[in-house]
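See below for target.cif, which holds mmCIF, C-alpha atoms.
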```cif
data_work
loop_
_atom_site.label_atom_id
_atom_site.label_comp_id
_atom_site.auth_asym_id
_atom_site.auth_seq_id
_atom_site.Cartn_x
_atom_site.Cartn_y
_atom_site.Cartn_z
CA GLN I 1 -14.24 6.87 13.68
CA VAL I 2 -10.67 6.82 12.40
CA GLN I 3 -9.61 3.51 10.91
CA LEU I 4 -6.12 2.15 10.33
CA VAL I 5 -5.52 0.42 7.02
CA GLU I 6 -2.38 -1.63 6.50
CA SER I 7 -1.11 -2.57 3.05
CA GLY I 8 1.97 -3.74 1.20
CA GLY I 9 2.18 -7.32 2.38
CA GLY I 10 2.65 -10.29 0.10
CA LEU I 11 4.62 -13.41 -0.68
CA VAL I 12 8.36 -12.96 -1.01
CA GLN I 13 11.37 -15.23 -1.06
CA ALA I 14 13.86 -15.23 1.78
CA GLY I 15 16.25 -12.34 1.38
CA GLY I 16 13.65 -10.19 -0.32
CA SER I 17 12.11 -6.90 0.71
CA LEU I 18 8.69 -5.43 1.31
CA ARG I 19 7.47 -2.00 2.34
CA LEU I 20 4.38 -1.90 4.49
CA SER I 21 2.18 1.17 4.81
CA CYS I 22 -0.37 2.09 7.42
CA ALA I 23 -2.76 4.89 6.57
CA ALA I 24 -5.24 6.43 8.94
CA SER I 25 -8.62 7.27 7.43
CA GLY I 26 -8.65 10.55 9.30
CA SER I 27 -6.41 12.76 11.31
CA ILE I 28 -4.52 11.17 14.16
CA PHE I 29 -2.33 12.97 16.62
CA SER I 30 1.30 13.26 15.59
CA SER I 31 2.14 12.96 19.29
CA ASN I 32 1.25 9.25 19.22
CA VAL I 33 4.06 6.76 19.54
CA MET I 34 3.27 4.49 16.60
CA GLY I 35 4.09 0.83 16.48
CA TRP I 36 4.21 -2.02 14.01
CA TYR I 37 3.19 -5.36 15.45
CA ARG I 38 2.99 -8.86 14.06
CA GLN I 39 1.19 -12.04 14.90
CA ALA I 40 2.04 -15.47 13.55
CA PRO I 41 -0.45 -18.34 13.72
CA GLY I 42 -0.61 -19.80 17.21
CA LYS I 43 1.57 -17.05 18.66
CA GLN I 44 0.93 -13.89 20.59
CA ARG I 45 1.08 -10.52 18.94
CA GLU I 46 4.52 -8.96 19.35
CA LEU I 47 5.81 -5.45 18.97
CA VAL I 48 8.25 -5.18 16.08
CA ALA I 49 9.11 -1.48 15.88
CA LEU I 50 8.24 1.85 17.47
CA ILE I 51 8.61 5.43 16.35
CA THR I 52 8.06 8.42 18.60
CA ALA I 53 6.75 11.83 17.68
CA GLY I 54 10.35 12.96 17.55
CA ARG I 55 11.15 10.05 15.24
CA ASN I 56 13.20 8.11 17.74
CA THR I 57 12.94 4.42 16.91
CA ASN I 58 13.21 1.11 18.68
CA TYR I 59 13.17 -2.43 17.29
CA LEU I 60 12.68 -6.02 18.28
CA ASP I 61 16.16 -7.55 18.48
CA SER I 62 15.45 -10.07 15.75
CA VAL I 63 14.68 -7.34 13.19
CA LYS I 64 17.35 -4.79 14.07
CA GLY I 65 19.39 -3.83 11.05
CA ARG I 66 16.79 -5.29 8.68
CA PHE I 67 13.61 -3.29 9.35
CA THR I 68 13.14 0.48 9.35
CA ILE I 69 10.08 2.28 10.67
CA SER I 70 9.22 5.79 9.52
CA ARG I 71 6.27 8.15 9.59
CA ASP I 72 4.78 10.97 7.57
CA ASN I 73 2.56 12.94 9.92
CA ALA I 74 1.21 15.14 7.13
CA LYS I 75 -0.14 12.02 5.42
CA ASN I 76 -1.16 10.25 8.65
CA THR I 77 0.90 7.31 7.45
CA VAL I 78 3.47 5.00 9.02
CA TYR I 79 5.80 2.76 7.05
CA LEU I 80 7.83 -0.35 7.72
CA GLN I 81 10.64 -1.11 5.29
CA MET I 82 11.59 -4.76 5.64
CA ASN I 83 14.79 -6.05 4.07
CA SER I 84 16.60 -9.39 4.20
CA LEU I 85 13.35 -11.09 5.07
CA LYS I 86 13.44 -14.50 6.74
CA PRO I 87 10.82 -17.24 6.93
CA GLU I 88 10.41 -16.48 10.63
CA ASP I 89 9.16 -13.00 9.68
CA THR I 90 6.03 -14.62 8.28
CA ALA I 91 3.04 -13.15 10.12
CA LYS I 92 0.17 -10.73 9.81
CA TYR I 93 1.45 -7.21 10.43
CA TYR I 94 -0.51 -4.44 12.10
CA CYS I 95 0.16 -0.85 12.97
CA HIS I 96 -1.35 0.87 15.98
CA PRO I 97 -0.61 3.70 18.36
CA HIS I 98 1.54 2.17 21.10
CA SER I 99 0.79 5.13 23.34
CA GLY I 100 -0.73 8.57 23.03
CA PRO I 101 -4.15 10.13 22.49
CA ASP I 102 -5.26 7.55 19.90
CA ARG I 103 -4.15 4.40 21.71
CA TYR I 104 -7.75 3.14 21.99
CA LEU I 105 -8.40 3.10 18.26
CA PRO I 106 -9.66 -0.22 16.97
CA TRP I 107 -7.08 -2.44 15.31
CA GLY I 108 -7.05 -2.68 11.54
CA GLN I 109 -7.25 -5.83 9.47
CA GLY I 110 -3.50 -6.14 9.11
CA THR I 111 -1.50 -7.17 6.08
CA GLN I 112 -0.12 -10.66 5.56
CA VAL I 113 3.60 -11.17 5.00
CA THR I 114 4.72 -14.62 3.91
CA VAL I 115 8.40 -15.39 3.41
CA SER I 116 9.28 -18.59 1.62
CA SER I 117 12.57 -20.38 2.13
#
```
Could you write out this structure as structure tokens?
Amino acid sequence: QVQLVESGGGLVQAGGSLRLSCAASGSIFSSNVMGWYRQAPGKQRELVALITAGRNTNYLDSVKGRFTISRDNAKNTVYLQMNSLKPEDTAKYYCHPHSGPDRYLPWGQGTQVTVSS
């Protein structure tokens, strides 16, 4: 079964940047709308960014202008460039198909992002 593996997280100071990657272990359909999600301790998972097959994007209001989602279908990889990070961005970040043929894939382990003030 295809697995999603997130990487690129870490500890960064406020104002810093990180680039997250999400690689699928096998082929996934390029028609999927892919999403980056995050979950902070004690909070529900929230959708941070979406990218469609046609590369249209949508963002959570609090990250607009700071985060950029992109995808490389040939590499089965989705990215999240995060700039001007804030302590409130601290969470575990996951990628997953938001909709499309692979929307029932199991969730990956996520990658932890910690932003210090």
- Expanded to explicit residues, what is the PyMOL selection byres ((chain I and resi 102-113) around 10) for this file, as a PyMOL selection string? chain I and resi 1-12+18+20-22+24+28-34+37-40+85+87+89-101+114-116
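Each of I:Val48, I:Ala53, I:Ala14, I:Met82 was checked against Phe67 of chain I using all atoms listed in the file; the smallest atom-to-atom distance is that of I:Met82.
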Pairwise distance, atom CA of Ala49 of chain I with atom CA of Thr68 of chain I, equals 7.9 Å
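When only C-alpha atoms are used to compute distances to Gln81 of chain I, the closest of the residues I:Gly26, I:Gly16, I:Gly54, I:Pro41 turns out to be I:Gly16.
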With the file shown as input, list the residues that the PyMOL selection byres ((chain I and resi 50) around 7) selects, as a VMD selection string. chain I and resid 33 to 36 49 51 to 52 57 to 59
For the residues selected in the previous step, produce a file with C-alpha atoms as a compact mmCIF listing (two decimals), in the frame of the given file.
```
# COMPACT_ATOMS: atom_id res chain seq x y z
CA VAL I 33 4.06 6.76 19.54
CA MET I 34 3.27 4.49 16.60
CA GLY I 35 4.09 0.83 16.48
CA TRP I 36 4.21 -2.02 14.01
CA ALA I 49 9.11 -1.48 15.88
CA ILE I 51 8.61 5.43 16.35
CA THR I 52 8.06 8.42 18.60
CA THR I 57 12.94 4.42 16.91
CA ASN I 58 13.21 1.11 18.68
CA TYR I 59 13.17 -2.43 17.29
```
If I only have part of segment 49-62 of chain I, can you fill in N, CA, C and O atoms and write it as a PDB file, in the frame of the given file?
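As a result, rebuild.pdb now contains:
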```pdb
ATOM      1  N   ALA I  49       8.400  -2.760  15.997  1.00  0.00           N
ATOM      2  CA  ALA I  49       9.110  -1.480  15.880  1.00  0.00           C
ATOM      3  C   ALA I  49       8.241  -0.359  16.415  1.00  0.00           C
ATOM      4  O   ALA I  49       7.013  -0.413  16.341  1.00  0.00           O
ATOM      5  N   LEU I  50       8.913   0.663  16.947  1.00  0.00           N
ATOM      6  CA  LEU I  50       8.240   1.850  17.470  1.00  0.00           C
ATOM      7  C   LEU I  50       8.881   3.080  16.865  1.00  0.00           C
ATOM      8  O   LEU I  50      10.081   3.091  16.594  1.00  0.00           O
ATOM      9  N   ILE I  51       8.070   4.134  16.737  1.00  0.00           N
ATOM     10  CA  ILE I  51       8.610   5.430  16.350  1.00  0.00           C
ATOM     11  C   ILE I  51       7.886   6.499  17.163  1.00  0.00           C
ATOM     12  O   ILE I  51       6.652   6.526  17.219  1.00  0.00           O
ATOM     13  N   THR I  52       8.648   7.361  17.782  1.00  0.00           N
ATOM     14  CA  THR I  52       8.060   8.420  18.600  1.00  0.00           C
ATOM     15  C   THR I  52       7.705   9.622  17.742  1.00  0.00           C
ATOM     16  O   THR I  52       8.007   9.678  16.545  1.00  0.00           O
ATOM     17  N   ALA I  53       7.080  10.592  18.383  1.00  0.00           N
ATOM     18  CA  ALA I  53       6.750  11.830  17.680  1.00  0.00           C
ATOM     19  C   ALA I  53       8.013  12.509  17.186  1.00  0.00           C
ATOM     20  O   ALA I  53       8.014  13.126  16.118  1.00  0.00           O
ATOM     21  N   GLY I  54       9.083  12.371  17.946  1.00  0.00           N
ATOM     22  CA  GLY I  54      10.350  12.960  17.550  1.00  0.00           C
ATOM     23  C   GLY I  54      11.165  12.076  16.632  1.00  0.00           C
ATOM     24  O   GLY I  54      12.325  12.360  16.361  1.00  0.00           O
ATOM     25  N   ARG I  55      10.537  10.984  16.176  1.00  0.00           N
ATOM     26  CA  ARG I  55      11.150  10.050  15.240  1.00  0.00           C
ATOM     27  C   ARG I  55      12.301   9.237  15.829  1.00  0.00           C
ATOM     28  O   ARG I  55      13.169   8.757  15.087  1.00  0.00           O
ATOM     29  N   ASN I  56      12.308   9.098  17.145  1.00  0.00           N
ATOM     30  CA  ASN I  56      13.200   8.110  17.740  1.00  0.00           C
ATOM     31  C   ASN I  56      12.595   6.736  17.493  1.00  0.00           C
ATOM     32  O   ASN I  56      11.366   6.575  17.518  1.00  0.00           O
ATOM     33  N   THR I  57      13.442   5.747  17.260  1.00  0.00           N
ATOM     34  CA  THR I  57      12.940   4.420  16.910  1.00  0.00           C
ATOM     35  C   THR I  57      13.500   3.348  17.837  1.00  0.00           C
ATOM     36  O   THR I  57      14.551   3.531  18.470  1.00  0.00           O
ATOM     37  N   ASN I  58      12.770   2.262  17.903  1.00  0.00           N
ATOM     38  CA  ASN I  58      13.210   1.110  18.680  1.00  0.00           C
ATOM     39  C   ASN I  58      12.698  -0.135  17.978  1.00  0.00           C
ATOM     40  O   ASN I  58      11.610  -0.110  17.372  1.00  0.00           O
ATOM     41  N   TYR I  59      13.493  -1.220  18.057  1.00  0.00           N
ATOM     42  CA  TYR I  59      13.170  -2.430  17.290  1.00  0.00           C
ATOM     43  C   TYR I  59      13.306  -3.685  18.127  1.00  0.00           C
ATOM     44  O   TYR I  59      14.125  -3.761  19.046  1.00  0.00           O
ATOM     45  N   LEU I  60      12.513  -4.671  17.756  1.00  0.00           N
ATOM     46  CA  LEU I  60      12.680  -6.020  18.280  1.00  0.00           C
ATOM     47  C   LEU I  60      14.074  -6.491  17.871  1.00  0.00           C
ATOM     48  O   LEU I  60      14.514  -6.239  16.733  1.00  0.00           O
ATOM     49  N   ASP I  61      14.780  -7.154  18.776  1.00  0.00           N
ATOM     50  CA  ASP I  61      16.160  -7.550  18.480  1.00  0.00           C
ATOM     51  C   ASP I  61      16.290  -8.331  17.183  1.00  0.00           C
ATOM     52  O   ASP I  61      17.232  -8.138  16.412  1.00  0.00           O
ATOM     53  N   SER I  62      15.336  -9.190  16.913  1.00  0.00           N
ATOM     54  CA  SER I  62      15.450 -10.070  15.750  1.00  0.00           C
ATOM     55  C   SER I  62      15.299  -9.339  14.414  1.00  0.00           C
ATOM     56  O   SER I  62      15.601  -9.908  13.358  1.00  0.00           O
TER      57      SER I  62
END
```
